[in-house]
>>> print(open('target.tsv').read())   # TSV, C-alpha atoms
chain	number	residue	atom	x	y	z
A	257	MET	CA	5.19	40.47	2.24
A	258	LEU	CA	2.48	37.84	1.93
A	259	GLY	CA	-0.97	38.92	3.10
A	260	ILE	CA	-2.84	36.15	4.89
A	261	GLY	CA	-6.43	35.78	5.97
A	262	VAL	CA	-7.41	33.51	8.85
A	263	PHE	CA	-10.66	31.59	8.73
A	264	GLY	CA	-11.51	30.50	12.26
A	265	ALA	CA	-9.50	33.15	14.09
A	266	GLY	CA	-11.50	32.51	17.26
A	267	GLY	CA	-10.37	28.89	17.50
A	268	ARG	CA	-7.36	27.68	19.46
A	269	VAL	CA	-5.07	27.16	16.47
A	270	GLY	CA	-6.53	30.12	14.60
A	271	GLN	CA	-5.59	32.44	17.46
A	272	LEU	CA	-2.04	31.09	17.38
A	273	VAL	CA	-1.82	31.78	13.63
A	274	VAL	CA	-2.92	35.35	14.34
A	275	GLU	CA	-0.32	35.78	17.07
A	276	LEU	CA	2.52	34.31	15.01
A	277	ALA	CA	1.58	36.44	12.00
A	278	LYS	CA	1.91	39.57	14.14
A	279	LYS	CA	5.55	38.69	14.88
A	280	SER	CA	6.47	37.48	11.40
A	281	ASP	CA	8.69	39.33	8.94
A	282	ALA	CA	7.44	37.15	6.07
A	283	VAL	CA	3.65	37.43	6.35
A	284	LYS	CA	1.19	40.16	7.23
A	285	LEU	CA	-2.20	39.51	8.77
A	286	GLU	CA	-4.68	41.20	6.44
A	287	SER	CA	-8.05	39.84	7.55
A	288	VAL	CA	-9.77	37.45	9.92
A	289	TYR	CA	-13.17	35.81	9.71
A	290	VAL	CA	-15.26	35.54	12.85
A	291	ARG	CA	-18.92	34.70	13.36
A	292	ARG	CA	-19.08	36.46	16.71
A	293	ASP	CA	-17.10	39.17	18.50
A	294	LEU	CA	-13.42	38.41	19.02
A	295	ASP	CA	-12.50	37.76	22.63
A	296	PHE	CA	-8.88	38.83	22.12
A	297	SER	CA	-7.21	41.97	20.85
A	298	ILE	CA	-6.20	42.45	17.21
A	299	ASP	CA	-4.30	45.21	15.43
A	300	PRO	CA	-6.53	48.08	14.19
A	301	GLY	CA	-5.35	47.67	10.60
A	302	VAL	CA	-6.61	44.09	10.31
A	303	LEU	CA	-9.96	43.63	8.57
A	304	ILE	CA	-12.51	41.72	10.68
A	305	THR	CA	-15.31	40.21	8.63
A	306	SER	CA	-18.08	37.62	8.71
A	307	ASP	CA	-18.25	37.53	4.91
A	308	LEU	CA	-16.21	34.79	3.24
A	309	LYS	CA	-16.11	36.62	-0.07
A	310	ILE	CA	-14.51	39.63	1.59
A	311	LEU	CA	-12.04	37.40	3.46
A	312	LEU	CA	-10.90	35.87	0.16
A	313	GLU	CA	-10.71	39.19	-1.67
A	314	SER	CA	-8.59	40.82	1.03
A	315	SER	CA	-5.99	38.02	1.32
A	316	ASP	CA	-3.20	36.56	-0.79
A	317	VAL	CA	-3.63	33.20	0.96
A	318	VAL	CA	-6.33	32.01	3.37
A	319	ILE	CA	-5.51	29.68	6.27
A	320	ASP	CA	-8.45	27.55	7.44
A	321	PHE	CA	-8.68	25.92	10.87
A	322	THR	CA	-12.42	25.51	11.36
A	323	THR	CA	-14.90	22.65	11.03
A	324	ALA	CA	-15.88	20.38	8.17
A	325	GLU	CA	-18.93	22.56	7.56
A	326	GLY	CA	-16.82	25.71	7.65
A	327	THR	CA	-14.31	24.33	5.18
A	328	GLN	CA	-17.14	23.35	2.85
A	329	ALA	CA	-18.57	26.88	2.95
A	330	LEU	CA	-15.14	28.39	2.31
A	331	LEU	CA	-14.50	26.15	-0.70
A	332	GLU	CA	-17.92	26.79	-2.19
A	333	THR	CA	-17.27	30.53	-1.97
A	334	ALA	CA	-13.71	30.17	-3.29
A	335	LEU	CA	-14.97	28.36	-6.39
A	336	LYS	CA	-16.43	31.73	-7.40
A	337	ASP	CA	-13.41	33.73	-6.22
A	338	PRO	CA	-10.35	31.43	-6.37
A	339	LYS	CA	-7.55	31.98	-3.89
A	340	PRO	CA	-4.70	29.80	-2.52
A	341	ILE	CA	-5.99	28.05	0.60
A	342	VAL	CA	-4.20	26.16	3.37
A	343	ILE	CA	-6.62	23.75	5.06
A	344	GLY	CA	-5.79	22.33	8.48
A	345	THR	CA	-9.34	21.35	9.44
A	346	THR	CA	-9.75	17.80	10.74
A	347	GLY	CA	-12.71	15.43	10.59
A	348	LEU	CA	-13.36	15.91	6.87
A	349	GLU	CA	-15.42	13.21	5.15
A	350	ALA	CA	-15.28	11.87	1.59
A	351	HIS	CA	-17.60	14.52	0.14
A	352	HIS	CA	-15.49	17.30	1.66
A	353	GLU	CA	-12.34	15.79	0.17
A	354	ASN	CA	-14.08	15.50	-3.20
A	355	LEU	CA	-14.95	19.19	-2.97
A	356	ILE	CA	-11.30	19.98	-2.28
A	357	LYS	CA	-10.27	18.05	-5.40
A	358	GLU	CA	-12.84	19.93	-7.45
A	359	ALA	CA	-11.61	23.28	-6.12
A	360	THR	CA	-7.98	22.49	-6.96
A	361	LYS	CA	-8.86	22.80	-10.63
A	362	LYS	CA	-9.19	26.55	-10.02
A	363	MET	CA	-6.70	27.24	-7.22
A	364	PRO	CA	-3.75	25.72	-5.33
A	365	ILE	CA	-4.81	24.05	-2.08
A	366	LEU	CA	-2.60	22.54	0.60
A	367	TYR	CA	-4.58	20.15	2.78
A	368	ALA	CA	-3.07	18.45	5.81
A	369	SER	CA	-4.90	16.97	8.77
A	370	ASN	CA	-1.74	17.75	10.76
A	371	MET	CA	0.45	20.75	9.94
A	372	SER	CA	3.31	19.52	12.12
A	373	LEU	CA	6.63	19.33	10.30
A	374	GLY	CA	7.59	16.35	12.45
A	375	ILE	CA	4.51	14.40	11.39
A	376	ALA	CA	5.44	15.00	7.76
A	377	VAL	CA	8.84	13.43	8.37
A	378	LEU	CA	7.25	10.56	10.34
A	379	ASN	CA	4.90	9.87	7.45
A	380	LYS	CA	7.85	9.65	5.08
A	381	ALA	CA	9.77	7.34	7.43
A	382	ILE	CA	6.97	4.84	8.00
A	383	SER	CA	6.50	4.42	4.26
A	384	LEU	CA	10.05	3.07	4.13
A	385	VAL	CA	9.67	0.89	7.23
A	386	ALA	CA	6.37	-0.65	6.11
A	387	ASN	CA	7.96	-1.60	2.81
A	388	VAL	CA	11.27	-2.91	4.17
A	389	LEU	CA	9.63	-4.92	6.99
A	390	PRO	CA	6.64	-6.49	5.18
A	391	ASP	CA	6.14	-9.27	7.77
A	392	PHE	CA	5.91	-6.94	10.77
A	393	ASP	CA	2.46	-6.23	12.22
A	394	ILE	CA	1.44	-2.55	12.13
A	395	GLU	CA	-0.41	-0.95	15.03
A	396	ILE	CA	-1.09	2.78	15.28
A	397	VAL	CA	-2.22	4.39	18.53
A	398	GLU	CA	-3.19	8.06	18.76
A	399	THR	CA	-3.90	10.02	21.93
A	400	HIS	CA	-5.69	13.37	22.09
A	401	HIS	CA	-7.46	15.65	24.55
A	402	ARG	CA	-10.92	14.86	25.85
A	403	HIS	CA	-12.60	17.45	23.61
A	404	LYS	CA	-11.56	15.97	20.26
A	405	LYS	CA	-14.66	14.89	18.36
A	406	ASP	CA	-13.37	12.72	15.49
A	407	SER	CA	-11.87	9.28	16.00
A	408	PRO	CA	-9.49	7.98	14.83
A	409	SER	CA	-7.69	11.24	14.22
A	410	GLY	CA	-7.20	12.35	10.65
A	411	THR	CA	-3.46	12.12	11.22
A	412	ALA	CA	-3.68	8.49	12.36
A	413	LEU	CA	-5.74	7.60	9.31
A	414	ARG	CA	-3.25	9.34	7.08
A	415	LEU	CA	-0.37	7.40	8.66
A	416	ALA	CA	-2.33	4.18	8.24
A	417	GLN	CA	-3.03	5.01	4.61
A	418	THR	CA	0.68	5.53	4.02
A	419	CYS	CA	1.49	2.11	5.51
A	420	ALA	CA	-1.27	0.42	3.49
A	421	LYS	CA	-0.15	2.06	0.25
A	422	SER	CA	3.44	1.02	0.89
A	423	ARG	CA	2.28	-2.60	1.12
A	424	GLY	CA	-0.20	-2.45	-1.73
A	425	LEU	CA	-3.21	-2.86	0.58
A	426	ASP	CA	-6.67	-1.29	0.64
A	427	LEU	CA	-6.89	0.42	4.04
A	428	ASP	CA	-10.68	0.15	4.15
A	429	LYS	CA	-10.35	-3.63	3.99
A	430	VAL	CA	-7.50	-4.12	6.48
A	431	ARG	CA	-8.07	-1.41	9.11
A	432	LYS	CA	-9.13	-2.48	12.61
A	433	SER	CA	-10.17	0.28	14.97
A	434	GLY	CA	-11.61	-1.86	17.73
A	435	ARG	CA	-11.17	-5.34	19.21
A	436	ASN	CA	-13.38	-6.94	21.81
A	437	GLY	CA	-14.17	-10.47	22.86
A	438	ASN	CA	-12.97	-13.75	21.41
A	439	ILE	CA	-12.20	-12.46	17.92
A	440	GLY	CA	-9.50	-14.95	16.99
A	441	ALA	CA	-5.90	-14.43	15.99
A	442	ARG	CA	-4.72	-11.25	14.33
A	443	ASP	CA	-4.69	-11.32	10.55
A	444	SER	CA	-1.22	-10.66	9.14
A	445	LYS	CA	-2.52	-7.87	6.89
A	446	GLU	CA	-4.38	-5.99	9.61
A	447	ILE	CA	-3.45	-2.40	10.36
A	448	GLY	CA	-4.68	-1.44	13.80
A	449	VAL	CA	-5.67	2.18	14.35
A	450	MET	CA	-6.71	2.83	17.94
A	451	SER	CA	-7.70	5.99	19.80
A	452	LEU	CA	-7.24	7.21	23.35
A	453	ARG	CA	-8.89	10.36	24.73
A	454	GLY	CA	-8.18	12.23	27.94
A	455	GLY	CA	-7.03	15.39	29.63
A	456	ASP	CA	-5.47	18.14	27.57
A	457	VAL	CA	-3.11	16.04	25.44
A	458	THR	CA	-2.24	18.02	22.30
A	459	GLY	CA	-1.45	14.94	20.26
A	460	ILE	CA	0.61	11.72	20.37
A	461	HIS	CA	0.95	9.32	17.43
A	462	ASN	CA	2.70	6.00	17.89
A	463	VAL	CA	3.31	3.84	14.82
A	464	GLY	CA	4.54	0.41	15.86
A	465	PHE	CA	6.00	-2.36	13.69
A	466	TYR	CA	5.98	-5.65	15.60
A	467	GLY	CA	7.96	-8.67	14.46
A	468	ASN	CA	9.17	-11.91	16.04
A	469	GLY	CA	11.83	-11.14	18.61
A	470	GLU	CA	11.91	-7.40	17.95
A	471	TYR	CA	9.75	-4.36	17.37
A	472	LEU	CA	10.18	-0.78	16.22
A	473	GLU	CA	8.05	2.16	17.40
A	474	LEU	CA	8.14	5.63	15.93
A	475	ILE	CA	6.47	8.25	18.13
A	476	HIS	CA	5.59	11.86	17.47
A	477	THR	CA	4.46	14.04	20.36
A	478	ALA	CA	3.06	17.53	19.89
A	479	THR	CA	3.66	19.58	23.03
A	480	SER	CA	2.01	22.76	21.77
A	481	ARG	CA	-0.58	23.71	19.17
A	482	ALA	CA	1.84	26.39	18.07
A	483	THR	CA	3.57	23.75	15.95
A	484	PHE	CA	0.41	23.48	13.81
A	485	ALA	CA	0.21	27.26	13.40
A	486	GLN	CA	3.90	27.49	12.46
A	487	GLY	CA	3.47	24.74	9.90
A	488	ALA	CA	0.43	26.46	8.38
A	489	ILE	CA	2.30	29.75	7.91
A	490	LYS	CA	5.24	27.91	6.34
A	491	ALA	CA	2.77	26.15	4.04
A	492	ALA	CA	1.13	29.45	3.06
A	493	LEU	CA	4.47	31.00	2.12
A	494	TRP	CA	5.17	28.04	-0.16
A	495	LEU	CA	1.68	27.59	-1.57
A	496	HIS	CA	1.08	31.06	-2.99
A	497	LYS	CA	3.80	30.45	-5.61
A	498	GLN	CA	2.34	27.15	-6.79
A	499	PRO	CA	0.07	26.38	-9.77
A	500	ASN	CA	-3.46	25.03	-9.28
A	501	GLY	CA	-3.47	21.59	-7.69
A	502	LEU	CA	-3.66	19.63	-4.45
A	503	TYR	CA	-0.63	19.60	-2.16
A	504	GLY	CA	0.37	18.22	1.23
A	505	ILE	CA	2.73	19.50	3.89
A	506	GLU	CA	5.35	17.09	2.50
A	507	ASP	CA	5.34	19.06	-0.75
A	508	ALA	CA	6.03	22.29	1.10
A	509	LEU	CA	9.01	20.62	2.80
A	510	GLY	CA	10.30	19.03	-0.40
A	511	LEU	CA	9.97	15.49	0.98
>>> encode(input="target.tsv", output="C-alpha coordinates")
Amino acid sequence: MLGIGVFGAGGRVGQLVVELAKKSDAVKLESVYVRRDLDFSIDPGVLITSDLKILLESSDVVIDFTTAEGTQALLETALKDPKPIVIGTTGLEAHHENLIKEATKKMPILYASNMSLGIAVLNKAISLVANVLPDFDIEIVETHHRHKKDSPSGTALRLAQTCAKSRGLDLDKVRKSGRNGNIGARDSKEIGVMSLRGGDVTGIHNVGFYGNGEYLELIHTATSRATFAQGAIKAALWLHKQPNGLYGIEDALGL
(Lines of atoms letter the chains of each structure in order from A and count residues from 1; the text may use other names and numbers.)
(Lines give C-alpha, C1' and ligand atoms only; values in the text may rest on other atoms or scores of the structure.)
Protein backbone atom coordinates (compact mmCIF):
# COMPACT_ATOMS: atom_id res chain seq x y z
CA MET A 1 0.00 0.00 0.00
CA LEU A 2 1.32 3.42 -0.96
CA GLY A 3 2.10 5.73 1.96
CA ILE A 4 1.17 9.34 1.25
CA GLY A 5 1.95 12.58 3.02
CA VAL A 6 -0.31 15.61 2.68
CA PHE A 7 1.19 19.08 2.62
CA GLY A 8 -1.58 21.56 3.41
CA ALA A 9 -3.88 19.16 5.26
CA GLY A 10 -5.71 22.10 6.82
CA GLY A 11 -6.84 23.46 3.45
CA ARG A 12 -10.12 22.63 1.76
CA VAL A 13 -8.70 20.21 -0.81
CA GLY A 14 -6.07 18.91 1.60
CA GLN A 15 -8.78 17.86 4.05
CA LEU A 16 -10.56 16.01 1.26
CA VAL A 17 -7.36 14.15 0.37
CA VAL A 18 -7.07 13.13 4.02
CA GLU A 19 -10.66 11.90 4.12
CA LEU A 20 -10.40 9.96 0.86
CA ALA A 21 -7.12 8.37 1.94
CA LYS A 22 -8.82 7.04 5.08
CA LYS A 23 -11.32 5.13 2.93
CA SER A 24 -8.87 3.95 0.27
CA ASP A 25 -7.63 0.39 -0.16
CA ALA A 26 -4.76 1.59 -2.36
CA VAL A 27 -3.12 4.32 -0.25
CA LYS A 28 -2.41 4.84 3.42
CA LEU A 29 -2.17 8.25 5.05
CA GLU A 30 1.24 8.28 6.74
CA SER A 31 1.78 11.94 7.62
CA VAL A 32 0.32 15.42 7.36
CA TYR A 33 1.99 18.81 7.56
CA VAL A 34 0.25 21.59 9.45
CA ARG A 35 1.50 24.94 10.68
CA ARG A 36 -1.15 25.19 13.37
CA ASP A 37 -3.39 22.77 15.26
CA LEU A 38 -5.71 20.68 13.11
CA ASP A 39 -9.36 21.63 13.45
CA PHE A 40 -10.56 18.16 12.42
CA SER A 41 -9.96 14.66 13.71
CA ILE A 42 -7.25 12.39 12.32
CA ASP A 43 -6.34 8.77 13.02
CA PRO A 44 -3.89 8.31 15.93
CA GLY A 45 -1.39 6.44 13.76
CA VAL A 46 -0.89 9.36 11.36
CA LEU A 47 2.20 11.49 11.95
CA ILE A 48 1.41 15.21 12.36
CA THR A 49 4.41 17.44 11.73
CA SER A 50 5.43 21.02 10.98
CA ASP A 51 8.80 19.88 9.62
CA LEU A 52 8.97 19.40 5.85
CA LYS A 53 11.98 17.13 6.10
CA ILE A 54 10.06 14.76 8.37
CA LEU A 55 7.02 14.89 6.07
CA LEU A 56 9.17 13.80 3.12
CA GLU A 57 11.01 11.10 5.05
CA SER A 58 7.80 9.52 6.33
CA SER A 59 6.00 9.34 2.96
CA ASP A 60 6.31 7.41 -0.29
CA VAL A 61 4.67 10.29 -2.16
CA VAL A 62 3.77 13.80 -0.99
CA ILE A 63 0.61 15.55 -2.22
CA ASP A 64 0.82 19.35 -2.13
CA PHE A 65 -2.21 21.66 -2.11
CA THR A 66 -0.86 24.82 -0.51
CA THR A 67 0.34 28.20 -1.77
CA ALA A 68 3.07 29.25 -4.16
CA GLU A 69 5.31 30.02 -1.18
CA GLY A 70 4.52 26.67 0.40
CA THR A 71 5.31 24.77 -2.78
CA GLN A 72 8.61 26.62 -3.08
CA ALA A 73 9.58 25.65 0.48
CA LEU A 74 8.61 22.02 -0.15
CA LEU A 75 10.68 21.82 -3.33
CA GLU A 76 13.71 23.45 -1.74
CA THR A 77 13.58 20.86 1.05
CA ALA A 78 12.96 18.01 -1.39
CA LEU A 79 16.07 18.92 -3.37
CA LYS A 80 18.00 17.68 -0.33
CA ASP A 81 15.71 14.70 0.29
CA PRO A 82 14.12 13.73 -3.06
CA LYS A 83 10.66 12.21 -3.05
CA PRO A 84 7.87 11.85 -5.65
CA ILE A 85 5.61 14.90 -5.34
CA VAL A 86 2.14 15.64 -6.71
CA ILE A 87 1.61 19.41 -6.91
CA GLY A 88 -1.90 20.80 -7.22
CA THR A 89 -1.11 24.32 -6.00
CA THR A 90 -2.40 27.13 -8.20
CA GLY A 91 -1.07 30.64 -8.77
CA LEU A 92 2.53 29.56 -9.41
CA GLU A 93 4.75 32.05 -11.24
CA ALA A 94 7.63 31.50 -13.66
CA HIS A 95 10.29 31.17 -10.95
CA HIS A 96 8.22 28.52 -9.15
CA GLU A 97 7.83 26.57 -12.39
CA ASN A 98 11.57 26.85 -13.01
CA LEU A 99 12.17 25.42 -9.54
CA ILE A 100 9.87 22.51 -10.38
CA LYS A 101 11.88 21.80 -13.54
CA GLU A 102 15.10 21.90 -11.55
CA ALA A 103 13.69 19.50 -8.95
CA THR A 104 12.57 17.00 -11.60
CA LYS A 105 16.22 16.20 -12.24
CA LYS A 106 16.23 14.47 -8.84
CA MET A 107 12.65 13.19 -8.46
CA PRO A 108 9.43 12.56 -10.39
CA ILE A 109 6.95 15.43 -10.08
CA LEU A 110 3.40 15.62 -11.37
CA TYR A 111 2.23 19.22 -11.59
CA ALA A 112 -1.30 20.14 -12.59
CA SER A 113 -3.14 23.37 -11.86
CA ASN A 114 -6.32 21.27 -12.01
CA MET A 115 -6.37 17.62 -10.91
CA SER A 116 -9.78 17.00 -12.47
CA LEU A 117 -9.83 14.03 -14.84
CA GLY A 118 -12.47 15.80 -16.93
CA ILE A 119 -10.25 18.84 -17.42
CA ALA A 120 -7.49 16.56 -18.67
CA VAL A 121 -9.83 15.18 -21.33
CA LEU A 122 -11.06 18.70 -22.19
CA ASN A 123 -7.48 19.84 -22.67
CA LYS A 124 -6.89 16.98 -25.09
CA ALA A 125 -10.09 17.72 -27.01
CA ILE A 126 -9.47 21.43 -27.50
CA SER A 127 -6.04 20.73 -28.97
CA LEU A 128 -7.79 18.86 -31.77
CA VAL A 129 -10.52 21.48 -32.24
CA ALA A 130 -8.09 24.42 -32.32
CA ASN A 131 -6.10 22.66 -35.02
CA VAL A 132 -9.02 21.46 -37.15
CA LEU A 133 -10.88 24.81 -36.99
CA PRO A 134 -8.02 27.30 -37.50
CA ASP A 135 -10.30 30.18 -38.57
CA PHE A 136 -12.55 30.03 -35.52
CA ASP A 137 -12.06 32.66 -32.80
CA ILE A 138 -11.12 31.23 -29.39
CA GLU A 139 -12.57 32.66 -26.18
CA ILE A 140 -12.08 31.07 -22.77
CA VAL A 141 -14.19 32.09 -19.77
CA GLU A 142 -13.54 30.75 -16.28
CA THR A 143 -15.75 31.22 -13.22
CA HIS A 144 -14.67 30.64 -9.62
CA HIS A 145 -15.72 31.46 -6.07
CA ARG A 146 -15.24 34.91 -4.61
CA HIS A 147 -12.22 33.87 -2.53
CA LYS A 148 -9.97 32.81 -5.42
CA LYS A 149 -6.92 35.07 -5.51
CA ASP A 150 -5.28 34.39 -8.89
CA SER A 151 -6.79 35.47 -12.20
CA PRO A 152 -7.07 34.07 -14.78
CA SER A 153 -7.09 30.64 -13.22
CA GLY A 154 -4.12 28.40 -13.83
CA THR A 155 -6.45 25.98 -15.58
CA ALA A 156 -7.71 28.65 -17.99
CA LEU A 157 -4.14 29.63 -18.82
CA ARG A 158 -3.24 26.01 -19.40
CA LEU A 159 -6.21 25.57 -21.75
CA ALA A 160 -5.23 28.74 -23.58
CA GLN A 161 -1.65 27.52 -23.88
CA THR A 162 -2.89 24.29 -25.41
CA CYS A 163 -4.92 26.20 -28.02
CA ALA A 164 -2.00 28.52 -28.80
CA LYS A 165 0.44 25.62 -29.17
CA SER A 166 -1.97 23.80 -31.46
CA ARG A 167 -1.98 26.85 -33.77
CA GLY A 168 1.72 27.60 -33.49
CA LEU A 169 1.14 30.85 -31.58
CA ASP A 170 2.93 32.51 -28.66
CA LEU A 171 0.26 32.84 -25.96
CA ASP A 172 1.98 35.83 -24.36
CA LYS A 173 1.58 37.73 -27.63
CA VAL A 174 -2.02 36.78 -28.47
CA ARG A 175 -3.75 36.53 -25.07
CA LYS A 176 -6.38 39.14 -24.18
CA SER A 177 -7.64 39.11 -20.62
CA GLY A 178 -9.56 42.36 -20.68
CA ARG A 179 -11.40 44.58 -23.16
CA ASN A 180 -12.75 48.03 -22.48
CA GLY A 181 -13.63 51.03 -24.58
CA ASN A 182 -13.29 51.56 -28.31
CA ILE A 183 -10.51 49.04 -28.88
CA GLY A 184 -11.27 48.18 -32.49
CA ALA A 185 -12.10 44.88 -34.12
CA ARG A 186 -10.91 41.59 -32.71
CA ASP A 187 -7.64 40.31 -34.14
CA SER A 188 -8.05 36.88 -35.75
CA LYS A 189 -5.18 35.44 -33.68
CA GLU A 190 -6.45 36.65 -30.32
CA ILE A 191 -7.18 34.13 -27.60
CA GLY A 192 -9.47 35.67 -25.01
CA VAL A 193 -9.10 34.47 -21.43
CA MET A 194 -11.65 36.10 -19.13
CA SER A 195 -12.46 35.63 -15.45
CA LEU A 196 -15.64 35.80 -13.41
CA ARG A 197 -15.71 35.66 -9.60
CA GLY A 198 -18.65 35.15 -7.27
CA GLY A 199 -20.36 33.05 -4.66
CA ASP A 200 -19.05 29.58 -3.92
CA VAL A 201 -18.56 28.33 -7.49
CA THR A 202 -16.06 25.46 -7.42
CA GLY A 203 -14.99 25.97 -11.01
CA ILE A 204 -16.41 26.37 -14.53
CA HIS A 205 -14.27 26.50 -17.68
CA ASN A 206 -15.86 27.31 -21.02
CA VAL A 207 -13.71 27.06 -24.15
CA GLY A 208 -15.55 28.52 -27.12
CA PHE A 209 -14.67 28.30 -30.82
CA TYR A 210 -16.65 30.90 -32.78
CA GLY A 211 -16.92 30.80 -36.56
CA ASN A 212 -19.21 32.34 -39.17
CA GLY A 213 -22.67 30.82 -38.88
CA GLU A 214 -21.75 28.35 -36.14
CA TYR A 215 -19.88 27.98 -32.88
CA LEU A 216 -18.74 25.18 -30.60
CA GLU A 217 -18.42 25.44 -26.81
CA LEU A 218 -16.84 22.84 -24.58
CA ILE A 219 -17.67 23.31 -20.90
CA HIS A 220 -16.31 21.62 -17.80
CA THR A 221 -18.04 22.18 -14.48
CA ALA A 222 -16.60 21.01 -11.17
CA THR A 223 -19.41 20.47 -8.68
CA SER A 224 -17.19 19.39 -5.79
CA ARG A 225 -13.58 19.85 -4.73
CA ALA A 226 -13.53 16.13 -4.10
CA THR A 227 -12.80 15.66 -7.81
CA PHE A 228 -9.43 17.40 -7.30
CA ALA A 229 -8.60 15.21 -4.31
CA GLN A 230 -9.55 12.04 -6.19
CA GLY A 231 -7.40 13.07 -9.13
CA ALA A 232 -4.43 13.78 -6.86
CA ILE A 233 -4.60 10.32 -5.25
CA LYS A 234 -4.85 8.69 -8.67
CA ALA A 235 -1.84 10.74 -9.76
CA ALA A 236 0.15 9.69 -6.68
CA LEU A 237 -0.50 6.01 -7.34
CA TRP A 238 0.83 6.43 -10.87
CA LEU A 239 3.71 8.77 -10.10
CA HIS A 240 5.59 6.70 -7.52
CA LYS A 241 6.47 4.15 -10.23
CA GLN A 242 7.87 6.74 -12.64
CA PRO A 243 11.49 7.84 -13.25
CA ASN A 244 12.64 11.39 -12.50
CA GLY A 245 10.92 13.95 -14.70
CA LEU A 246 8.00 16.34 -15.04
CA TYR A 247 4.54 14.93 -15.67
CA GLY A 248 0.97 16.16 -16.04
CA ILE A 249 -2.36 14.60 -15.16
CA GLU A 250 -2.67 13.59 -18.84
CA ASP A 251 0.35 11.33 -18.40
CA ALA A 252 -1.26 9.58 -15.46
CA LEU A 253 -4.35 8.94 -17.60
CA GLY A 254 -2.37 7.82 -20.63
CA LEU A 255 -3.76 10.60 -22.84
>>> closest_residue(input="target.tsv", among="A:Leu331, A:Ala508, A:Val397, A:Ala324", to="Lys309 of chain A", atoms="all atoms listed in the file")
A:Leu331
>>> atom_distance(input="target.tsv", atom1="atom CA of Leu378 of chain A", atom2="atom CA of Pro340 of chain A")
26.0 Å
>>> residues_around(input="target.tsv", residues="Asp391 of chain A", least_positions_apart="5", cutoff="10 Å", atoms="only C-alpha atoms", output="list in words")
Ala386, Ser444, Lys445, Phe465, Tyr466, Gly467 and Asn468 of chain A
>>> atom_distance(input="target.tsv", atom1="atom CA of Tyr367 of chain A", atom2="atom CA of Cys419 of chain A")
19.2 Å
>>> residues_around(input="target.tsv", residues="Ala277 of chain A", least_positions_apart="2", cutoff="12 Å", atoms="only C-alpha atoms", output="JSON, numbers by chain")
{"A": [257, 258, 259, 260, 261, 262, 265, 270, 271, 272, 273, 274, 275, 279, 280, 281, 282, 283, 284, 285, 286, 287, 288, 298, 299, 302, 319, 482, 485, 486, 488, 489, 490, 492, 493]}
>>> closest_residue(input="target.tsv", among="A:Asn438, A:Thr418, A:Thr360, A:Ser409", to="Ala381 of chain A", atoms="all atoms listed in the file")
A:Thr418
>>> closest_atom_pairs(input="target.tsv", of="segment 339-365 of chain A", to="segment 500-506 of chain A", cutoff="9 Å", atoms="all atoms listed in the file", output="CSV")
residue,atom,partner,partner_atom,distance
A:Pro340,CA,A:Asn500,CA,8.4
A:Ile356,CA,A:Leu502,CA,7.9
A:Lys357,CA,A:Leu502,CA,6.9
A:Ala359,CA,A:Gly501,CA,8.5
A:Thr360,CA,A:Gly501,CA,4.7
A:Lys361,CA,A:Asn500,CA,6.0
A:Lys362,CA,A:Asn500,CA,6.0
A:Met363,CA,A:Asn500,CA,4.4
A:Pro364,CA,A:Asn500,CA,4.0
A:Ile365,CA,A:Leu502,CA,5.1
